[in-house]
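A short worksheet on the structure shown next.
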Amino acid sequence: MKASLAVLFCLTLSGCLGYHVGPVKPYYLRDVHRIAVPTFKNKTLLPRIEVLVTDTVIKQLQQDGTYQITNEDQADATLSGEISRIARTPARSVRGNVLATTEFNLGLTVRYSLTGRNGEHLAGPSDAYGTTDERQALPLATEDLASRLVTQLSEGW
């Protein structure tokens with residue numbers, strides 16, 4: 001009786017061998033462990049935003065923990081980005097005058113791609129978006145954008 005329970009227990013656990021705890025990367029990024037993140041390019045009219053966006057993406061990658069941040073010489077892949085758009089859209093109008101806006105939403109778009117050490121494209125080019133209301137402004141929009149970008153890289157969607 002004990003022997004048959006032991007065999008049944010071993011057979012049950014054998015189905016769990018493919019599962020593991022920890023970061024679950026997309027299959028096409030299975031060989032990428034270290035990423036370099038050079039300063040993103042800025043195609044908008046807002047000056048010096050590229051450093052804020054790049055730093056926020058790096059912090060989000062470090063917090064996620066799936067990839068190690070390193071310099072380009074030691075990296076398995078390089079994450080390149082271009083800030084392509086910053087837009088203000090009306091969120092709330094003045095009562096009685098729909099043309100006057102009292103509150104805006106701020107949207108930020110980054111076009112990014114992940115390139116392997118040998119120059120092959122591993123991910124992208126793709127877009128990541130971040131939004132917030134304008135009272136909280138750009139730092140929160142960049143955090144939202146960075147979170148979405150890192151999710152796309154570390155989880156594949």
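The chains in the structure tokens are called A, B, ... from first to last as shown; in each chain the residues are counted from 1, and the ligands are counted from 1 in the order shown.
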Practice problem: Excluding stretch 35-50 of chain A and residues on its chain fewer than 6 positions from it, collect all residues at most 8 Å away from it, counting only C-alpha atoms, and give them as a ChimeraX atom specification. | Solution: /A:58,67-72,75-86
Practice problem: Just the residues within 8 Å of stretch 140-156 of chain A, please, counting only C-alpha atoms, with nothing from its chain fewer than 3 positions along; format it as a list in words. | Solution: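 The residues satisfying every condition are Pro23, Val24, Lys25, Pro26, Leu52, Val53, Thr56, Val57, Gln60, Leu61, Asp64, Thr66, Tyr67, Leu106, Gly107, Leu108, Thr109, Val110, Ala123, Ala128, Tyr129, Gly130, Thr131, Thr132, Gln136 and Ala137 of chain A.
Running DSSP on the backbone and keeping only alpha helix (DSSP H), the residues of stretch 24-82 of chain A that qualify are Ile49, Glu50, Val51, Leu52, Val53, Thr54, Asp55, Thr56, Val57, Ile58, Lys59, Gln60, Leu61, Gln62, Gln63 and Asp64 of chain A.
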So that I can check the surroundings of A:His121, please list as a PDB file with C-alpha atoms, in the first residue's frame every protein, DNA and RNA residue that reaches within 12 Å of it, counting only C-alpha atoms and ignoring chain neighbours fewer than 3 positions away.
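What follows is the written file out-v3.pdb:
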```
ATOM      1  CA  TYR A  28      12.403  34.497 -27.917  1.00  0.00           C
ATOM      2  CA  LEU A  29      14.265  36.359 -25.118  1.00  0.00           C
ATOM      3  CA  ALA A  77      20.946  43.035 -25.903  1.00  0.00           C
ATOM      4  CA  THR A  78      20.519  46.789 -26.216  1.00  0.00           C
ATOM      5  CA  LEU A  79      17.218  48.585 -25.619  1.00  0.00           C
ATOM      6  CA  SER A  80      17.002  51.618 -27.915  1.00  0.00           C
ATOM      7  CA  TYR A 112      11.542  51.133 -28.804  1.00  0.00           C
ATOM      8  CA  SER A 113      13.390  48.096 -30.079  1.00  0.00           C
ATOM      9  CA  LEU A 114      15.582  45.450 -28.499  1.00  0.00           C
ATOM     10  CA  THR A 115      18.632  44.474 -30.533  1.00  0.00           C
ATOM     11  CA  GLY A 116      20.841  41.479 -29.808  1.00  0.00           C
ATOM     12  CA  ARG A 117      24.607  41.536 -29.558  1.00  0.00           C
ATOM     13  CA  ASN A 118      24.936  40.342 -33.161  1.00  0.00           C
ATOM     14  CA  GLY A 124      10.076  45.631 -31.705  1.00  0.00           C
ATOM     15  CA  PRO A 125      10.051  48.117 -33.079  1.00  0.00           C
ATOM     16  CA  SER A 126       7.010  48.716 -30.946  1.00  0.00           C
TER      17      SER A 126
END
```
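Interatomic distance, atom CA of A:Asp133 against atom CA of A:Gly65: 28.5 Å.
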Quiz item: atom CA of A:Pro139 to atom CA of A:Pro90: how many Å, to one decimal?
Solution: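 Between these atoms lies a distance of 19.1 Å.
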